[in-house]
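Trainee: Please find one structure pasted underneath; my questions will follow.
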Amino acid sequence: QLPHIDAVVISHDHYDHLDIASVTRLAAQPGGPPRFFAGLGTKRWFAQLGIDSVEEMDWWQSVDFGGVQFTFVPVQHWSKRTLWDANRRLWGGWVLRHPSFSFFFAGDAGYSRDFADIGERFGGFDLAAIPVGAYAPRWFMSIMHVDPAEAVRVHRDVRARQSVGIHWGTF
């Protein structure tokens, strides 16, 4: 029941962020597939599904599409879908900038200096989507997932006017 989807950003290849059924249904939508934006190494994964409308990007690389600038940015996380492919595909967050609106999507991330770097480089955002979930126990999960207090720090570091918490209750 969604309208035609023009663009999809993929933060990383974990199953809860890159679902085969979802991307194949999106690729088969009436009117043609969306452009999928993903990190280096992901295009081959899509090709195995017969999907070729993929823009593979490195950290800090930008592409203009439909009047929006898409920039893939580093965040502290990782990638892995099987026991044998750890960190073979690049992970990251996304900055989407239009002349009238700017958006930051962190994907999944542990707290790091990356957020301050993103805020400094882009000068802030109208809206940020910050992952707050799967953060306990802290001794194990703190490197890869922010907790609520760190999410507030991320909000401030990226200089967002408004933020929304995402990923809550995933696990």
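Order determines the names: the first chain of the structure tokens is A, the second B, and so forth; residues in each chain are numbered 1 upward, and ligands are numbered 1 upward as they are shown.
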Give me, as a list in words, all polymer residues having an atom no more than 7 Å from Ile166 in chain A, counting only C-alpha atoms and skipping those fewer than 2 positions away in the same chain.
Mentor: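 So the residues in contact are Ala129, Ile130, Pro131, Val132, Val164 and Trp168 of chain A.
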Trainee: Can you list, as a VMD selection string, all residues belonging to range 91-165 of chain A that DSSP tags as strand (DSSP E or B)?
Mentor: chain A and resid 93 to 98 101 to 105 110 125 to 131 160 to 165
Trainee: Give me the residues within 10 Å of range 102-109 of chain A as a PDB file with C-alpha atoms, in the first residue's frame, counting only C-alpha atoms and dropping any in the same chain fewer than 2 places off.
Mentor:
ATOM      1  CA  VAL A   9      19.395   3.489   1.921  1.00  0.00           C
ATOM      2  CA  ILE A  10      21.015   0.394   3.408  1.00  0.00           C
ATOM      3  CA  SER A  11      23.153   0.970   6.501  1.00  0.00           C
ATOM      4  CA  HIS A  12      24.636  -2.523   6.749  1.00  0.00           C
ATOM      5  CA  HIS A  14      22.662  -7.555   9.208  1.00  0.00           C
ATOM      6  CA  HIS A  17      18.582  -4.091   8.193  1.00  0.00           C
ATOM      7  CA  VAL A  68      18.833  14.915  -3.044  1.00  0.00           C
ATOM      8  CA  GLN A  69      22.493  14.474  -2.141  1.00  0.00           C
ATOM      9  CA  PHE A  70      23.154  11.063  -0.568  1.00  0.00           C
ATOM     10  CA  THR A  71      26.368  10.773   1.470  1.00  0.00           C
ATOM     11  CA  PHE A  72      27.537   7.544   3.107  1.00  0.00           C
ATOM     12  CA  VAL A  73      29.214   8.306   6.439  1.00  0.00           C
ATOM     13  CA  PRO A  74      31.276   6.224   8.893  1.00  0.00           C
ATOM     14  CA  VAL A  75      29.746   5.040  12.151  1.00  0.00           C
ATOM     15  CA  GLN A  76      31.097   2.512  14.625  1.00  0.00           C
ATOM     16  CA  HIS A  77      29.499  -0.838  13.803  1.00  0.00           C
ATOM     17  CA  TRP A  78      30.220  -3.914  11.647  1.00  0.00           C
ATOM     18  CA  TRP A  91      28.564  -0.327   6.990  1.00  0.00           C
ATOM     19  CA  GLY A  92      27.660   3.251   7.760  1.00  0.00           C
ATOM     20  CA  GLY A  93      25.071   5.947   8.243  1.00  0.00           C
ATOM     21  CA  TRP A  94      23.453   8.236   5.696  1.00  0.00           C
ATOM     22  CA  VAL A  95      23.208  11.968   5.246  1.00  0.00           C
ATOM     23  CA  LEU A  96      20.440  13.118   2.890  1.00  0.00           C
ATOM     24  CA  ARG A  97      20.492  16.785   1.932  1.00  0.00           C
ATOM     25  CA  HIS A  98      17.943  18.695  -0.102  1.00  0.00           C
ATOM     26  CA  PRO A  99      17.916  22.491  -0.339  1.00  0.00           C
ATOM     27  CA  SER A 100      14.904  22.586   1.994  1.00  0.00           C
ATOM     28  CA  TYR A 111      28.979   5.892  20.342  1.00  0.00           C
ATOM     29  CA  SER A 112      32.131   7.344  18.768  1.00  0.00           C
ATOM     30  CA  ASP A 114      32.180   9.860  14.168  1.00  0.00           C
ATOM     31  CA  PHE A 115      29.025  11.682  15.239  1.00  0.00           C
ATOM     32  CA  ILE A 118      29.435  14.307  10.934  1.00  0.00           C
ATOM     33  CA  GLY A 119      27.938  17.267  12.791  1.00  0.00           C
ATOM     34  CA  PHE A 122      27.475  18.982   7.629  1.00  0.00           C
ATOM     35  CA  GLY A 124      23.558  20.035  11.573  1.00  0.00           C
ATOM     36  CA  PHE A 125      20.306  18.458  10.472  1.00  0.00           C
ATOM     37  CA  ASP A 126      16.598  19.112  10.509  1.00  0.00           C
ATOM     38  CA  LEU A 127      15.967  15.516  11.612  1.00  0.00           C
ATOM     39  CA  ALA A 128      18.100  12.601  12.817  1.00  0.00           C
ATOM     40  CA  ALA A 129      17.103   8.938  13.180  1.00  0.00           C
ATOM     41  CA  ILE A 130      19.174   7.530  16.043  1.00  0.00           C
ATOM     42  CA  PRO A 131      19.264   3.828  16.935  1.00  0.00           C
ATOM     43  CA  VAL A 132      18.499   3.101  20.586  1.00  0.00           C
ATOM     44  CA  GLY A 133      18.213  -0.628  21.049  1.00  0.00           C
ATOM     45  CA  ALA A 134      20.051  -3.894  21.604  1.00  0.00           C
ATOM     46  CA  SER A 142      28.426  -0.698  24.130  1.00  0.00           C
ATOM     47  CA  ILE A 143      30.933  -0.816  21.287  1.00  0.00           C
ATOM     48  CA  MET A 144      28.239  -1.406  18.668  1.00  0.00           C
ATOM     49  CA  HIS A 145      24.976   0.088  20.040  1.00  0.00           C
ATOM     50  CA  VAL A 146      24.173   3.338  21.844  1.00  0.00           C
ATOM     51  CA  ALA A 151      21.581   8.698  21.946  1.00  0.00           C
ATOM     52  CA  VAL A 154      24.520  11.657  19.324  1.00  0.00           C
ATOM     53  CA  HIS A 155      21.609  14.091  18.899  1.00  0.00           C
ATOM     54  CA  VAL A 158      25.234  15.750  14.925  1.00  0.00           C
ATOM     55  CA  ALA A 160      20.014  17.816  14.995  1.00  0.00           C
ATOM     56  CA  GLN A 162      14.803  17.109  16.086  1.00  0.00           C
ATOM     57  CA  SER A 163      15.569  13.420  16.527  1.00  0.00           C
ATOM     58  CA  VAL A 164      13.589  10.224  16.589  1.00  0.00           C
ATOM     59  CA  ILE A 166      14.731   3.943  16.059  1.00  0.00           C
ATOM     60  CA  HIS A 167      15.601   0.256  16.584  1.00  0.00           C
TER      61      HIS A 167
END
Trainee: Quote the spacing between CA of Asp19 in chain A and CA of Tyr135 in chain A in Å to one decimal place.
Mentor: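 That distance, rounded to one decimal, is 21.5 Å.
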Trainee: Can you tell me which residues surround Gly50 in chain A at a distance of at most 12 Å, considering only C-alpha atoms, apart from same-chain residues fewer than 2 positions away, and format the answer as a list in words?
Mentor: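 The residues satisfying every condition are Ile20, Val23, Thr24, Arg25, Ala27, Ala28, Pro33, Lys43, Arg44, Trp45, Phe46, Ala47, Gln48, Asp52, Ser53 and Val54 of chain A.
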Trainee: Could you write out the selected residues, including C-alpha atoms, as an mmCIF file, in the first residue's frame?
Mentor:
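Result file is out.cif:
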data_model
loop_
_atom_site.group_PDB
_atom_site.id
_atom_site.type_symbol
_atom_site.label_atom_id
_atom_site.label_comp_id
_atom_site.auth_asym_id
_atom_site.auth_seq_id
_atom_site.Cartn_x
_atom_site.Cartn_y
_atom_site.Cartn_z
ATOM 1 C CA ILE A 20 15.764 -10.400 1.226
ATOM 2 C CA VAL A 23 14.340 -5.737 -1.133
ATOM 3 C CA THR A 24 12.971 -8.202 -3.701
ATOM 4 C CA ARG A 25 9.427 -6.850 -3.215
ATOM 5 C CA ALA A 27 12.654 -4.197 -6.669
ATOM 6 C CA ALA A 28 9.486 -5.682 -8.197
ATOM 7 C CA PRO A 33 12.758 -0.651 -8.776
ATOM 8 C CA LYS A 43 26.280 -4.649 -4.953
ATOM 9 C CA ARG A 44 27.347 -8.268 -5.478
ATOM 10 C CA TRP A 45 24.882 -9.427 -2.804
ATOM 11 C CA PHE A 46 22.072 -7.603 -4.645
ATOM 12 C CA ALA A 47 23.215 -8.989 -8.003
ATOM 13 C CA GLN A 48 22.747 -12.526 -6.670
ATOM 14 C CA ASP A 52 21.067 -4.210 -10.389
ATOM 15 C CA SER A 53 19.726 -0.777 -9.423
ATOM 16 C CA VAL A 54 22.370 -0.403 -6.718
#
